[in-house]
Amino acid sequence: MSKQAIIVALLPLALSTAAMAAGSDTYVGVTAGQSQMLGNGLSTNTGNEFGVFLGHDFTRWAGITWGGEVSYNTLGNFSGLGVNGHSSEADASLIATYYLDPANRLGIYGKVGYDHTWVSVAGGTQSEDGAAYGAGFRYFFTRQVEGRFGYQYYAVGGSNLLSNHESSWALGAAYHF
């Protein structure tokens with residue numbers, strides 16, 4: 001197992017431990033949506049995206065709430081060049097949310113971070129590191145329950161034979177502690 005994979009695997013534990021110690025706004029959530037893989041021999045192949053995430057809003061500065069998130073997403077199956085495959089990813093991101101109302105219920109967010117993607121084809125798996133970024137909306141139905149709609153982009157890299165990048169549109173829900 002590579003050092004990057006170990007770091008990505010341990011990041012949720014480290015973030016959750018730090019967040020619990022701070023005793024502030026920690027949350028867990030799920031997403032579901034549609035993903036798209038573009039690359040050599042693949043033309044707009046789509047799959048069902050399902051994911052989980054863990055986050056913590058650390059501070060509010062200059063009217064923006066700043067936090068961190070880690071997530072794992074299965075980006076679905078794809079086909080191309082006569083083969084079928086599956087893709088998954090894990091990422092760690094900084095998230096910034098600007099709330100549009102005084103009650104801080106509806107916000108626009110942006111994310112930027114590190115991504116580790118696994119692509120499995122014909123019994124073999126290849127993984128790569130890259131950048132991840134995204135944007136979307138957060139809406140708090142209650143103080144603890146949040147709904148989301150967003151777009152996420154994963155820069156898989158150029159050495160992967162089948163995939164140059166992946167992206168997804170997803171709906172999500174989170175519970176804030």
# chains A, B, ... in the order shown; residues from 1 in each chain; ligands from 1
call {"tool": "residues_around", "arguments": {"residues": "Ser168 (chain A)", "least_positions_apart": "3", "cutoff": "10 Å", "atoms": "only C-alpha atoms", "output": "ChimeraX atom specification"}}
result
/A:32-37,46-50,73,75,134,150-154
call {"tool": "write_last_selection", "arguments": {"atoms": "N, CA and C atoms", "output": "mmCIF file, in the first residue's frame"}}
result
data_model
loop_
_atom_site.group_PDB
_atom_site.id
_atom_site.type_symbol
_atom_site.label_atom_id
_atom_site.label_comp_id
_atom_site.auth_asym_id
_atom_site.auth_seq_id
_atom_site.Cartn_x
_atom_site.Cartn_y
_atom_site.Cartn_z
ATOM 1 N N ALA A 32 -25.331 11.205 -3.215
ATOM 2 C CA ALA A 32 -25.715 10.322 -4.310
ATOM 3 C C ALA A 32 -25.909 11.195 -5.541
ATOM 4 N N GLY A 33 -25.450 10.710 -6.675
ATOM 5 C CA GLY A 33 -25.586 11.512 -7.881
ATOM 6 C C GLY A 33 -25.104 10.783 -9.114
ATOM 7 N N GLN A 34 -24.653 11.565 -10.066
ATOM 8 C CA GLN A 34 -24.209 11.063 -11.363
ATOM 9 C C GLN A 34 -22.768 11.487 -11.589
ATOM 10 N N SER A 35 -21.911 10.537 -11.971
ATOM 11 C CA SER A 35 -20.510 10.864 -12.258
ATOM 12 C C SER A 35 -20.235 10.708 -13.744
ATOM 13 N N GLN A 36 -19.133 11.300 -14.146
ATOM 14 C CA GLN A 36 -18.740 11.259 -15.555
ATOM 15 C C GLN A 36 -17.235 11.090 -15.626
ATOM 16 N N MET A 37 -16.791 10.156 -16.454
ATOM 17 C CA MET A 37 -15.373 9.942 -16.664
ATOM 18 C C MET A 37 -15.040 10.289 -18.113
ATOM 19 N N THR A 46 -20.863 7.569 -18.011
ATOM 20 C CA THR A 46 -21.403 8.010 -16.735
ATOM 21 C C THR A 46 -21.710 6.821 -15.843
ATOM 22 N N GLY A 47 -21.731 7.091 -14.555
ATOM 23 C CA GLY A 47 -22.059 6.074 -13.566
ATOM 24 C C GLY A 47 -22.766 6.702 -12.394
ATOM 25 N N ASN A 48 -23.260 5.867 -11.521
ATOM 26 C CA ASN A 48 -23.910 6.352 -10.311
ATOM 27 C C ASN A 48 -22.848 6.622 -9.254
ATOM 28 N N GLU A 49 -22.916 7.788 -8.633
ATOM 29 C CA GLU A 49 -21.967 8.189 -7.603
ATOM 30 C C GLU A 49 -22.632 8.057 -6.245
ATOM 31 N N PHE A 50 -21.936 7.435 -5.301
ATOM 32 C CA PHE A 50 -22.373 7.361 -3.911
ATOM 33 C C PHE A 50 -21.175 7.690 -3.046
ATOM 34 N N ASN A 73 -15.792 8.439 -2.306
ATOM 35 C CA ASN A 73 -16.876 8.307 -3.284
ATOM 36 C C ASN A 73 -16.597 7.146 -4.217
ATOM 37 N N LEU A 75 -17.444 6.168 -7.822
ATOM 38 C CA LEU A 75 -17.889 6.964 -8.972
ATOM 39 C C LEU A 75 -18.533 6.121 -10.065
ATOM 40 N N GLY A 134 -14.548 21.834 -6.122
ATOM 41 C CA GLY A 134 -15.982 21.750 -6.310
ATOM 42 C C GLY A 134 -16.679 23.009 -5.851
ATOM 43 N N GLY A 150 -24.187 19.842 -5.302
ATOM 44 C CA GLY A 150 -22.897 20.352 -5.729
ATOM 45 C C GLY A 150 -22.262 19.583 -6.858
ATOM 46 N N TYR A 151 -21.201 20.186 -7.371
ATOM 47 C CA TYR A 151 -20.381 19.642 -8.448
ATOM 48 C C TYR A 151 -18.982 19.428 -7.897
ATOM 49 N N GLN A 152 -18.366 18.304 -8.220
ATOM 50 C CA GLN A 152 -16.999 18.009 -7.783
ATOM 51 C C GLN A 152 -16.202 17.547 -8.992
ATOM 52 N N TYR A 153 -14.958 18.024 -9.110
ATOM 53 C CA TYR A 153 -14.057 17.678 -10.207
ATOM 54 C C TYR A 153 -12.825 17.000 -9.626
ATOM 55 N N TYR A 154 -12.409 15.894 -10.220
ATOM 56 C CA TYR A 154 -11.241 15.152 -9.763
ATOM 57 C C TYR A 154 -10.242 15.080 -10.916
#
call {"tool": "residues_around", "arguments": {"residues": "Arg143 (chain A)", "least_positions_apart": "2", "cutoff": "9 Å", "atoms": "only C-alpha atoms", "output": "list of chain:residue names"}}
result
A:Arg105, A:Phe140, A:Phe141, A:Val145, A:Glu146, A:His176
call {"tool": "residues_around", "arguments": {"residues": "Ser71 (chain A)", "least_positions_apart": "6", "cutoff": "7 Å", "atoms": "only C-alpha atoms", "output": "PyMOL selection string"}}
result
chain A and resi 52-54+90-92
call {"tool": "atom_distance", "arguments": {"atom1": "CA of Phe177 (chain A)", "atom2": "CA of Val28 (chain A)"}}
result
8.5 Å
call {"tool": "closest_residue", "arguments": {"among": "A:Gly67, A:Gly82, A:Gly147, A:Gly136", "to": "Gly113 (chain A)", "atoms": "only C-alpha atoms"}}
result
A:Gly67
call {"tool": "atom_distance", "arguments": {"atom1": "CA of Gly76 (chain A)", "atom2": "CA of Ser120 (chain A)"}}
result
10.7 Å
call {"tool": "closest_residue", "arguments": {"among": "A:Val119, A:Ile64, A:Ala135, A:Ala170", "to": "Ser88 (chain A)", "atoms": "only C-alpha atoms"}}
result
A:Val119
